[in-house]
file coords00.txt (compact mmCIF, C-alpha atoms and all ligand atoms)
# COMPACT_ATOMS: atom_id res chain seq x y z
CA MET A 25 35.44 15.45 -2.98
CA ALA A 26 35.83 17.43 0.27
CA SER A 27 32.80 17.22 2.56
CA ASP A 28 32.14 20.98 2.26
CA THR A 29 31.71 20.59 -1.51
CA LEU A 30 29.29 17.66 -1.26
CA PRO A 31 25.81 18.03 -2.76
CA PRO A 32 23.52 19.55 -0.11
CA ASP A 33 21.27 16.47 -0.16
CA ALA A 34 24.07 14.09 0.99
CA PHE A 35 23.66 12.47 4.42
CA ALA A 36 26.70 12.83 6.69
CA PHE A 37 26.82 9.35 8.09
CA SER A 38 29.14 6.85 9.77
CA ALA A 39 28.80 3.24 8.64
CA SER A 40 29.94 2.06 12.11
CA SER A 41 26.58 3.28 13.52
CA CYS A 42 24.99 0.62 11.32
CA SER A 43 27.22 -2.35 12.25
CA PHE A 44 24.13 -3.95 13.88
CA LEU A 45 22.76 -4.49 10.35
CA ARG A 46 25.68 -6.71 9.24
CA PRO A 47 24.13 -10.10 10.24
CA TYR A 48 21.01 -9.19 8.24
CA LEU A 49 22.80 -8.38 4.97
CA ARG A 50 23.95 -10.69 2.21
CA ASN A 51 27.15 -12.56 2.90
CA LYS A 52 29.14 -11.40 -0.13
CA SER A 53 30.85 -14.79 -0.57
CA SER A 54 27.52 -16.62 -0.96
CA ASN A 55 25.97 -17.17 -4.37
CA PRO A 56 22.37 -18.23 -3.78
CA GLN A 57 19.99 -19.46 -6.46
CA ARG A 58 17.94 -16.23 -6.20
CA PRO A 59 18.96 -12.71 -5.15
CA PHE A 60 19.16 -12.11 -1.39
CA LEU A 61 15.96 -10.21 -0.53
CA THR A 62 15.70 -7.58 2.21
CA LEU A 63 12.28 -6.06 2.88
CA ALA A 64 12.88 -2.63 4.45
CA TYR A 65 10.30 0.05 5.18
CA ALA A 66 9.28 2.66 7.76
CA SER A 67 6.09 2.20 9.77
CA SER A 68 4.02 4.05 12.36
CA LEU A 69 3.05 2.46 15.69
CA ASP A 70 -0.28 1.47 14.08
CA SER A 71 1.49 -0.34 11.22
CA ALA A 72 0.85 2.36 8.61
CA ILE A 73 3.47 3.32 6.03
CA SER A 74 1.54 6.27 4.62
CA LEU A 75 -1.52 8.44 5.41
CA THR A 76 -3.13 7.54 2.05
CA PRO A 77 -1.87 5.58 -0.99
CA GLY A 78 -1.42 8.74 -3.06
CA ILE A 79 0.92 10.70 -0.79
CA HIS A 80 4.41 10.50 0.64
CA THR A 81 4.40 10.47 4.44
CA TYR A 82 7.58 11.26 6.38
CA LEU A 83 8.00 8.74 9.18
CA SER A 84 11.76 8.17 9.57
CA SER A 85 13.94 10.39 11.76
CA PRO A 86 16.98 11.91 10.00
CA GLN A 87 19.16 9.17 11.56
CA SER A 88 17.00 6.27 10.36
CA GLU A 89 16.52 7.87 6.94
CA ALA A 90 20.31 7.99 6.62
CA MET A 91 20.36 4.31 7.66
CA THR A 92 17.87 3.50 4.87
CA HIS A 93 20.18 5.21 2.38
CA TYR A 94 23.12 3.21 3.76
CA LEU A 95 20.99 0.04 3.35
CA ARG A 96 20.32 1.01 -0.28
CA SER A 97 24.08 1.23 -0.85
CA GLN A 98 24.45 -2.34 0.45
CA HIS A 99 22.10 -3.77 -2.19
CA ASP A 100 22.39 -4.17 -5.95
CA ALA A 101 18.77 -3.08 -6.54
CA VAL A 102 15.97 -1.13 -4.80
CA VAL A 103 12.42 -2.21 -5.69
CA VAL A 104 9.12 -0.32 -5.40
CA GLY A 105 5.64 -0.86 -6.84
CA ALA A 106 3.95 1.42 -9.38
CA GLY A 107 1.79 2.98 -6.63
CA THR A 108 4.90 4.27 -4.88
CA ALA A 109 6.52 5.50 -8.09
CA ILE A 110 3.35 7.47 -8.89
CA ALA A 111 2.78 8.81 -5.34
CA ASP A 112 6.36 9.65 -4.34
CA ASP A 113 8.36 10.28 -7.52
CA PRO A 114 11.28 8.71 -5.61
CA GLY A 115 15.00 9.10 -6.39
CA LEU A 116 15.77 5.49 -5.31
CA ASN A 117 19.51 6.18 -5.07
CA SER A 118 21.83 6.19 -2.06
CA ARG A 119 22.47 9.72 -0.88
CA VAL A 120 25.05 8.80 1.71
CA ARG A 121 28.42 10.55 1.75
CA GLY A 122 31.03 8.42 -0.01
CA MET A 123 28.61 6.82 -2.49
CA GLY A 124 28.90 7.47 -6.23
CA GLY A 125 27.78 11.05 -6.94
CA TYR A 126 28.14 11.97 -3.25
CA GLY A 127 31.91 11.91 -2.94
CA GLY A 128 32.48 8.33 -4.14
CA ALA A 129 33.88 7.32 -7.52
CA GLY A 130 31.65 6.53 -10.53
CA LEU A 131 28.38 4.94 -9.46
CA GLU A 132 29.97 2.91 -6.68
CA GLY A 133 27.40 2.06 -3.98
CA GLN A 134 24.48 3.07 -6.16
CA PRO A 135 21.73 0.41 -6.45
CA ARG A 136 19.70 -0.11 -9.61
CA PRO A 137 16.16 1.29 -9.20
CA VAL A 138 13.42 -1.21 -10.08
CA VAL A 139 9.69 -0.43 -10.51
CA LEU A 140 7.04 -3.16 -10.73
CA ASP A 141 4.30 -1.88 -13.00
CA PRO A 142 2.26 -4.77 -14.53
CA LYS A 143 -0.31 -2.46 -16.12
CA GLY A 144 1.99 0.39 -17.19
CA ARG A 145 0.31 2.88 -14.85
CA TRP A 146 3.40 4.96 -14.13
CA GLU A 147 3.72 7.53 -16.93
CA TRP A 148 7.22 8.94 -16.35
CA ASP A 149 8.79 11.76 -18.30
CA SER A 150 12.25 13.30 -18.24
CA ASN A 151 11.41 15.19 -15.01
CA ALA A 152 11.03 11.93 -13.05
CA ARG A 153 13.48 12.13 -10.13
CA VAL A 154 14.89 8.69 -10.83
CA LEU A 155 15.91 9.87 -14.32
CA ARG A 156 17.22 13.19 -13.03
CA MET A 157 19.50 11.22 -10.68
CA VAL A 158 20.92 9.39 -13.73
CA ARG A 159 21.58 12.67 -15.59
CA GLU A 160 23.27 14.09 -12.48
CA ARG A 161 25.42 10.92 -12.27
CA LYS A 162 23.97 10.10 -8.86
CA GLY A 163 22.06 6.97 -9.82
CA ARG A 164 21.79 4.06 -12.24
CA GLY A 165 19.31 3.57 -15.06
CA PRO A 166 16.05 2.03 -13.78
CA LEU A 167 14.62 -1.36 -14.71
CA ILE A 168 10.85 -1.20 -15.18
CA PHE A 169 8.86 -4.43 -15.14
CA TRP A 170 5.79 -4.32 -17.39
CA GLY A 171 3.26 -7.06 -18.04
CA GLU A 172 3.26 -8.83 -21.41
CA TRP A 173 0.08 -7.06 -22.46
CA GLY A 174 0.56 -7.89 -26.14
CA GLU A 175 -0.59 -11.48 -25.55
CA GLY A 176 -4.32 -12.05 -25.88
CA GLY A 177 -4.75 -8.59 -27.41
CA ASP A 178 -3.17 -5.29 -26.47
CA TRP A 179 -5.70 -3.38 -24.32
CA ARG A 180 -3.84 -0.08 -24.69
CA SER A 181 -5.20 2.71 -26.87
CA LYS A 182 -3.08 3.69 -29.92
CA GLU A 183 -2.23 6.94 -28.10
CA LYS A 184 -1.07 5.06 -24.98
CA GLN A 185 1.01 2.70 -27.13
CA ARG A 186 2.70 5.68 -28.77
CA ARG A 187 3.43 7.35 -25.39
CA ASP A 188 4.72 4.05 -23.97
CA GLU A 189 7.13 3.69 -26.92
CA GLU A 190 8.40 7.24 -26.28
CA ARG A 191 8.83 6.44 -22.59
CA GLU A 192 10.73 3.27 -23.40
CA ARG A 193 13.14 5.26 -25.62
CA LEU A 194 13.63 7.86 -22.88
CA LEU A 195 14.37 5.08 -20.38
CA LYS A 196 16.93 3.47 -22.73
CA ASN A 197 18.64 6.85 -23.18
CA HIS A 198 19.09 6.91 -19.42
CA GLY A 199 20.68 3.45 -19.31
CA GLY A 200 17.49 1.76 -18.16
CA LYS A 201 15.26 -0.85 -19.72
CA ILE A 202 11.82 -2.43 -19.75
CA ILE A 203 11.53 -6.08 -18.76
CA ARG A 204 8.27 -7.74 -19.78
CA LEU A 205 6.85 -10.52 -17.64
CA PRO A 206 3.86 -12.79 -18.18
CA LEU A 207 0.96 -11.92 -15.88
CA VAL A 208 -0.76 -14.61 -13.84
CA ASP A 209 -4.23 -13.41 -12.73
CA GLY A 210 -3.10 -9.89 -13.62
CA LYS A 211 -0.03 -10.12 -11.33
CA MET A 212 3.69 -10.73 -11.70
CA ARG A 213 5.10 -13.79 -9.96
CA TRP A 214 7.79 -12.95 -7.40
CA VAL A 215 9.94 -15.87 -8.53
CA ASP A 216 9.85 -14.50 -12.12
CA ILE A 217 10.82 -11.02 -10.88
CA LEU A 218 13.73 -12.40 -8.85
CA ASP A 219 14.92 -14.71 -11.64
CA HIS A 220 14.98 -11.79 -14.11
CA LEU A 221 16.86 -9.61 -11.62
CA LYS A 222 19.39 -12.41 -11.19
CA ALA A 223 19.82 -12.56 -14.97
CA GLU A 224 20.68 -8.82 -14.81
CA GLY A 225 23.57 -9.67 -12.46
CA ILE A 226 21.70 -8.51 -9.34
CA LYS A 227 22.63 -10.50 -6.25
CA SER A 228 20.82 -8.54 -3.56
CA VAL A 229 17.50 -6.71 -3.62
CA MET A 230 15.99 -4.24 -1.16
CA VAL A 231 12.20 -4.04 -1.49
CA GLU A 232 10.87 -0.78 0.02
CA GLY A 233 7.15 -0.88 -0.71
CA GLY A 234 4.53 0.25 -0.92
CA GLY A 235 1.67 -1.40 0.93
CA THR A 236 0.43 -3.70 -1.83
CA VAL A 237 3.93 -4.95 -2.62
CA ILE A 238 4.87 -5.44 1.07
CA ASN A 239 1.65 -7.31 1.91
CA SER A 240 2.05 -9.51 -1.16
CA LEU A 241 5.63 -10.43 -0.20
CA LEU A 242 4.79 -11.02 3.47
CA ALA A 243 1.87 -13.31 2.61
CA ALA A 244 2.53 -16.87 3.71
CA GLU A 245 3.09 -18.16 0.15
CA HIS A 246 5.91 -15.67 -0.54
CA ALA A 247 7.45 -14.91 2.86
CA HIS A 248 10.07 -17.66 2.37
CA LEU A 249 11.58 -15.50 -0.44
CA ILE A 250 12.44 -12.79 2.12
CA ASN A 251 15.85 -13.21 3.78
CA SER A 252 15.74 -10.19 6.11
CA LEU A 253 13.11 -7.79 7.35
CA ILE A 254 14.25 -4.35 8.54
CA VAL A 255 11.49 -2.08 9.82
CA THR A 256 11.97 1.46 11.08
CA ILE A 257 9.24 2.13 13.64
CA ALA A 258 8.51 5.80 14.25
CA PRO A 259 6.81 7.06 17.44
CA THR A 260 3.75 8.18 15.45
CA LEU A 261 0.15 7.01 15.07
CA LEU A 262 -1.28 7.73 11.60
CA GLY A 263 -4.84 6.59 12.37
CA GLN A 264 -7.40 4.69 10.30
CA GLY A 265 -7.50 4.88 6.52
CA GLY A 266 -3.74 4.74 5.95
CA VAL A 267 -1.71 2.27 3.89
CA VAL A 268 -1.23 -0.54 6.38
CA VAL A 269 1.15 -3.49 6.54
CA CYS A 270 -1.07 -6.43 7.43
CA PRO A 271 -0.65 -9.49 5.18
CA LYS A 272 -3.43 -11.99 4.52
CA ARG A 273 -3.75 -14.50 7.33
CA ARG A 274 -3.54 -18.30 7.10
CA THR A 275 -5.79 -20.93 8.58
CA ASP A 276 -5.02 -24.48 9.69
CA ASP A 277 -6.80 -27.64 8.46
CA GLN A 278 -9.71 -26.90 10.85
CA GLY A 279 -10.04 -23.34 9.56
CA ASN A 280 -8.54 -21.76 12.72
CA PRO A 281 -6.36 -18.66 12.15
CA ILE A 282 -2.60 -19.13 12.50
CA PRO A 283 0.17 -16.51 12.41
CA VAL A 284 1.58 -15.62 9.01
CA THR A 285 5.20 -15.89 10.11
CA ARG A 286 7.64 -15.01 12.90
CA LEU A 287 11.10 -13.48 12.62
CA ARG A 288 14.26 -15.28 13.74
CA ASP A 289 17.21 -13.55 15.45
CA ALA A 290 15.15 -10.41 16.06
CA LYS A 291 17.08 -7.35 17.20
CA TRP A 292 15.76 -3.90 18.20
CA GLN A 293 18.09 -0.96 17.72
CA PRO A 294 17.22 2.60 18.80
CA MET A 295 17.98 5.13 16.04
CA GLY A 296 17.24 8.79 16.73
CA GLU A 297 13.63 8.84 17.98
CA ASP A 298 12.84 5.61 16.11
CA VAL A 299 13.60 1.98 16.72
CA VAL A 300 14.84 -0.31 13.95
CA LEU A 301 13.67 -3.91 14.08
CA CYS A 302 15.81 -6.44 12.19
CA GLY A 303 14.97 -10.09 11.79
CA LYS A 304 15.45 -13.07 9.51
CA LEU A 305 12.88 -15.01 7.49
CA GLY A 306 13.46 -17.57 4.69
CA GLU A 307 17.00 -19.02 4.46
N1 LIG A 401 6.98 4.20 4.71
C1 LIG A 401 7.63 3.52 3.79
O1 LIG A 401 8.70 2.95 4.06
C2 LIG A 401 7.09 3.42 2.41
C3 LIG A 401 5.87 3.98 2.08
N2 LIG A 401 5.38 3.85 0.82
C4 LIG A 401 4.05 4.41 0.56
O2 LIG A 401 3.18 3.39 0.07
C5 LIG A 401 2.16 4.02 -0.71
C6 LIG A 401 1.93 3.24 -2.00
O3 LIG A 401 1.47 1.94 -1.71
P1 LIG A 401 0.48 1.20 -2.72
O4 LIG A 401 -0.54 2.17 -3.20
O5 LIG A 401 0.00 -0.03 -2.06
O6 LIG A 401 1.37 0.90 -3.99
P2 LIG A 401 2.63 -0.05 -4.27
O7 LIG A 401 3.84 0.79 -4.35
O8 LIG A 401 2.65 -1.22 -3.36
O9 LIG A 401 2.34 -0.50 -5.75
C7 LIG A 401 1.30 -1.40 -6.00
C8 LIG A 401 1.36 -1.85 -7.40
O10 LIG A 401 2.56 -2.60 -7.63
C9 LIG A 401 2.33 -3.47 -8.69
N3 LIG A 401 2.84 -4.83 -8.46
C10 LIG A 401 3.66 -5.46 -9.32
N4 LIG A 401 3.95 -6.68 -8.91
C11 LIG A 401 3.31 -6.86 -7.78
C12 LIG A 401 3.23 -7.96 -6.92
N5 LIG A 401 3.85 -9.11 -7.16
N6 LIG A 401 2.49 -7.82 -5.83
C13 LIG A 401 1.85 -6.66 -5.58
N7 LIG A 401 1.89 -5.56 -6.37
C14 LIG A 401 2.61 -5.68 -7.49
C15 LIG A 401 0.82 -3.49 -8.94
O11 LIG A 401 0.59 -2.71 -10.09
C16 LIG A 401 0.24 -2.79 -7.78
O12 LIG A 401 -0.90 -2.06 -8.13
C17 LIG A 401 2.59 5.45 -1.00
O13 LIG A 401 1.84 6.34 -0.21
C18 LIG A 401 4.04 5.45 -0.55
O14 LIG A 401 4.46 6.71 -0.06
C19 LIG A 401 6.08 3.22 -0.16
C20 LIG A 401 7.29 2.66 0.11
C21 LIG A 401 7.88 2.67 1.43
N1 LIG A 402 12.79 4.83 5.12
C1 LIG A 402 11.69 5.54 4.75
N2 LIG A 402 11.13 6.37 5.65
C2 LIG A 402 10.01 7.06 5.32
O1 LIG A 402 9.47 7.87 6.25
C3 LIG A 402 9.46 6.95 4.04
N3 LIG A 402 8.35 7.66 3.71
C4 LIG A 402 10.12 6.08 3.12
N4 LIG A 402 9.64 5.95 1.88
C5 LIG A 402 10.38 5.30 0.84
O2 LIG A 402 11.43 6.13 0.38
C6 LIG A 402 11.16 6.51 -0.97
C7 LIG A 402 11.64 7.91 -1.24
O3 LIG A 402 12.95 7.78 -1.68
P1 LIG A 402 13.86 8.98 -2.16
O4 LIG A 402 14.24 9.72 -0.93
O5 LIG A 402 13.04 9.83 -3.07
O6 LIG A 402 15.01 8.34 -2.84
C8 LIG A 402 9.70 6.35 -1.13
O7 LIG A 402 9.29 6.21 -2.46
C9 LIG A 402 9.50 5.07 -0.36
O8 LIG A 402 9.97 3.95 -1.07
N5 LIG A 402 11.21 5.39 3.51
call {"tool": "encode", "arguments": {"input": "coords00.txt", "output": "structure tokens"}}
result
Amino acid sequence: MASDTLPPDAFAFSASSCSFLRPYLRNKSSNPQRPFLTLAYASSLDSAISLTPGIHTYLSSPQSEAMTHYLRSQHDAVVVGAGTAIADDPGLNSRVRGMGGYGGAGLEGQPRPVVLDPKGRWEWDSNARVLRMVRERKGRGPLIFWGEWGEGGDWRSKEKQRRDEERERLLKNHGGKIIRLPLVDGKMRWVDILDHLKAEGIKSVMVEGGGTVINSLLAAEHAHLINSLIVTIAPTLLGQGGVVVCPKRRTDDQGNPIPVTRLRDAKWQPMGEDVVLCGKLGE
């Protein structure tokens, strides 16, 4: 497709401007036990990713937003929590020139959208952007993780059960599917999520947010599952009351606070008016 006939939402973008990301992406020849996990989000100077949980806040410059879409194309799946799906109605595809639907063939370069929704809060319909992207052949069918709420009694009303069945059918018609996971203290275990994604043939995962998901992954007990952290920092202060990245802190044997974690091989790359911080965690 010639560039003047590209969809108007496609980012004109040169992959060479993102060569600094290479050391932080999955080495394609490796075949680790679990999918390679990149945590990538945009933050203000006061560590906020959004003004309030219910709204989408634009932080990235056009250049770093294009970089995020390039990053999506370098992963097999893009993961968000239910709060983000509800607040943002995201497309979760890669809108970079040359990717499937944007001048590339088939769905090449398009990650699989994944939504973590243990309590089935996200009530999508056919207008959901992620499904529209599938119909426009610009994205893959989403995987939605639900809790196994049938065990120990289904808490859903008959009406909710009926609407959930309809939603599941709609999802299947768009090439997506529901994956049900056991809940431990009302939550999904990250290792279960990653094992199920691996079983779907997914070798690399980009987790984007939101705040609850990021803070859960960065907490000391899960941080080892993260391979790379890529944070776009915008020259903005959002102020108190926003959705903040600040994982629970650890204490030593004497009860003194100790840092949660520290990145290895940290690199700071200016990008438009932002700076992109890359670093390694885990293996
Ligand atoms: N600036 C950025 O890069 C991004 C900003 N956001 C913003 O974040 C906000 C939404 O954040 P939140 O309300 O915190 O919602 P969230 O997107 O983090 O979703 C939280 C929900 O995810 C589910 N979940 C499933 N498994 C989980 C697990 N293992 N750990 C934790 N949660 C799990 C739970 O139902 C939980 O209530 C929105 O305003 C959105 O715009 C979201 C993504 C990126
Ligand atoms: N990179 C980045 N910069 C920001 O300023 C953001 N607010 C976000 N948010 C994430 O992007 C999703 C929207 O994706 P689509 O453009 O609709 O595909 C949003 O849901 C957050 O995950 N990211």
call {"tool": "closest_residue", "arguments": {"input": "coords00.txt", "among": "A:Met123, A:Ile110, A:Val284, A:Leu221", "to": "Val154 of chain A", "atoms": "only C-alpha atoms"}}
result
A:Ile110
call {"tool": "residues_around", "arguments": {"input": "coords00.txt", "residues": "segment 242-256 of chain A", "least_positions_apart": "4", "cutoff": "6 Å", "atoms": "all atoms listed in the file", "output": "list in words"}}
result
Tyr48, Leu61, Thr62, Leu63, Ala64, Tyr65, Ala66, Pro271, Lys272, Val284, Val299, Val300, Leu301, Cys302, Gly303, Lys304, Leu305, Gly306 and Glu307 of chain A
call {"tool": "closest_atom_pairs", "arguments": {"input": "coords00.txt", "of": "chain A", "to": "ligand LIG 402 (chain A)", "cutoff": "9 Å", "atoms": "only C-alpha atoms and all ligand atoms", "output": "Markdown table"}}
result
| residue | atom | partner | partner_atom | distance |
| --- | --- | --- | --- | --- |
| A:Ala64 | CA | A:LIG402 | N1 | 7.5 |
| A:Tyr65 | CA | A:LIG402 | N1 | 5.4 |
| A:Ala66 | CA | A:LIG402 | N2 | 4.7 |
| A:Ser67 | CA | A:LIG402 | O1 | 7.5 |
| A:Ile73 | CA | A:LIG402 | N3 | 6.9 |
| A:Ser74 | CA | A:LIG402 | N3 | 7.0 |
| A:His80 | CA | A:LIG402 | N3 | 5.7 |
| A:Thr81 | CA | A:LIG402 | N3 | 4.9 |
| A:Tyr82 | CA | A:LIG402 | O1 | 3.9 |
| A:Leu83 | CA | A:LIG402 | O1 | 3.4 |
| A:Ser84 | CA | A:LIG402 | O1 | 4.0 |
| A:Ser85 | CA | A:LIG402 | O1 | 7.5 |
| A:Ser88 | CA | A:LIG402 | N1 | 6.9 |
| A:Glu89 | CA | A:LIG402 | N1 | 5.1 |
| A:Ala90 | CA | A:LIG402 | N1 | 8.3 |
| A:Met91 | CA | A:LIG402 | N1 | 8.0 |
| A:Thr92 | CA | A:LIG402 | N1 | 5.3 |
| A:His93 | CA | A:LIG402 | N1 | 7.9 |
| A:Val102 | CA | A:LIG402 | O8 | 8.7 |
| A:Val103 | CA | A:LIG402 | O8 | 8.1 |
| A:Val104 | CA | A:LIG402 | O8 | 6.1 |
| A:Gly105 | CA | A:LIG402 | O8 | 8.7 |
| A:Thr108 | CA | A:LIG402 | O7 | 5.4 |
| A:Ala109 | CA | A:LIG402 | O7 | 6.3 |
| A:Ile110 | CA | A:LIG402 | O7 | 8.8 |
| A:Ala111 | CA | A:LIG402 | O7 | 7.6 |
| A:Asp112 | CA | A:LIG402 | O7 | 4.9 |
| A:Asp113 | CA | A:LIG402 | O5 | 6.5 |
| A:Pro114 | CA | A:LIG402 | O5 | 3.3 |
| A:Gly115 | CA | A:LIG402 | O6 | 3.6 |
| A:Leu116 | CA | A:LIG402 | O6 | 3.8 |
| A:Asn117 | CA | A:LIG402 | O6 | 5.5 |
| A:Ser118 | CA | A:LIG402 | O6 | 7.2 |
| A:Arg119 | CA | A:LIG402 | O6 | 7.8 |
| A:Arg153 | CA | A:LIG402 | O5 | 7.4 |
| A:Val154 | CA | A:LIG402 | O6 | 8.0 |
| A:Val231 | CA | A:LIG402 | O8 | 8.3 |
| A:Glu232 | CA | A:LIG402 | O8 | 4.9 |
| A:Gly233 | CA | A:LIG402 | O8 | 5.6 |
| A:Gly234 | CA | A:LIG402 | O8 | 6.6 |
| A:Val255 | CA | A:LIG402 | N1 | 8.5 |
| A:Thr256 | CA | A:LIG402 | N1 | 6.9 |
| A:Ala258 | CA | A:LIG402 | O1 | 8.3 |
call {"tool": "residues_around", "arguments": {"input": "coords00.txt", "residues": "Arg121 of chain A", "least_positions_apart": "6", "cutoff": "8 Å", "atoms": "all atoms listed in the file", "output": "list in words"}}
result
Leu30, Ala34, Phe35, Ala36, Phe37, Gly127 and Gly128 of chain A
call {"tool": "closest_residue", "arguments": {"input": "coords00.txt", "among": "A:Arg193, A:Arg274, A:His198, A:Lys143", "to": "ligand LIG 401 (chain A)", "atoms": "all atoms listed in the file"}}
result
A:Lys143
call {"tool": "axis_aligned_box", "arguments": {"input": "coords00.txt", "around": "ligand LIG 401 (chain A)", "padding_each_side": "5 Å", "output": "lines of an AutoDock Vina configuration file"}}
result
center_x = 3.9
center_y = -1.2
center_z = -2.7
size_x = 19.6
size_y = 25.8
size_z = 24.8
call {"tool": "decode", "arguments": {"input": "coords00.txt", "residues": "segment 210-225 of chain A", "atoms": "N, CA and C atoms", "output": "short mmCIF file (atom, residue, chain, number, x, y, z; two decimals), in the first residue's frame"}}
result
data_model
loop_
_atom_site.label_atom_id
_atom_site.label_comp_id
_atom_site.auth_asym_id
_atom_site.auth_seq_id
_atom_site.Cartn_x
_atom_site.Cartn_y
_atom_site.Cartn_z
N GLY A 210 -9.21 -13.87 45.38
CA GLY A 210 -9.89 -12.97 44.44
C GLY A 210 -9.01 -12.49 43.28
N LYS A 211 -7.74 -12.97 43.23
CA LYS A 211 -6.82 -12.49 42.18
C LYS A 211 -6.33 -13.63 41.31
N MET A 212 -5.87 -13.27 40.11
CA MET A 212 -5.22 -14.25 39.24
C MET A 212 -3.74 -14.27 39.57
N ARG A 213 -3.15 -15.48 39.49
CA ARG A 213 -1.71 -15.57 39.75
C ARG A 213 -0.96 -15.26 38.44
N TRP A 214 0.07 -14.42 38.53
CA TRP A 214 0.81 -14.06 37.31
C TRP A 214 1.39 -15.29 36.61
N VAL A 215 1.88 -16.25 37.41
CA VAL A 215 2.48 -17.44 36.77
C VAL A 215 1.40 -18.20 35.98
N ASP A 216 0.16 -18.22 36.49
CA ASP A 216 -0.92 -18.90 35.74
C ASP A 216 -1.21 -18.14 34.44
N ILE A 217 -1.25 -16.81 34.53
CA ILE A 217 -1.52 -15.99 33.34
C ILE A 217 -0.45 -16.28 32.29
N LEU A 218 0.81 -16.25 32.72
CA LEU A 218 1.92 -16.42 31.75
C LEU A 218 1.94 -17.83 31.20
N ASP A 219 1.65 -18.82 32.04
CA ASP A 219 1.63 -20.21 31.54
C ASP A 219 0.53 -20.39 30.49
N HIS A 220 -0.64 -19.79 30.73
CA HIS A 220 -1.73 -19.92 29.75
C HIS A 220 -1.39 -19.18 28.45
N LEU A 221 -0.71 -18.04 28.57
CA LEU A 221 -0.33 -17.32 27.35
C LEU A 221 0.68 -18.16 26.57
N LYS A 222 1.58 -18.81 27.29
CA LYS A 222 2.56 -19.67 26.60
C LYS A 222 1.83 -20.79 25.85
N ALA A 223 0.82 -21.36 26.50
CA ALA A 223 0.06 -22.44 25.85
C ALA A 223 -0.66 -21.95 24.59
N GLU A 224 -0.89 -20.64 24.49
CA GLU A 224 -1.50 -20.06 23.28
C GLU A 224 -0.46 -19.74 22.22
N GLY A 225 0.79 -20.13 22.47
CA GLY A 225 1.87 -19.90 21.49
C GLY A 225 2.50 -18.53 21.62
#
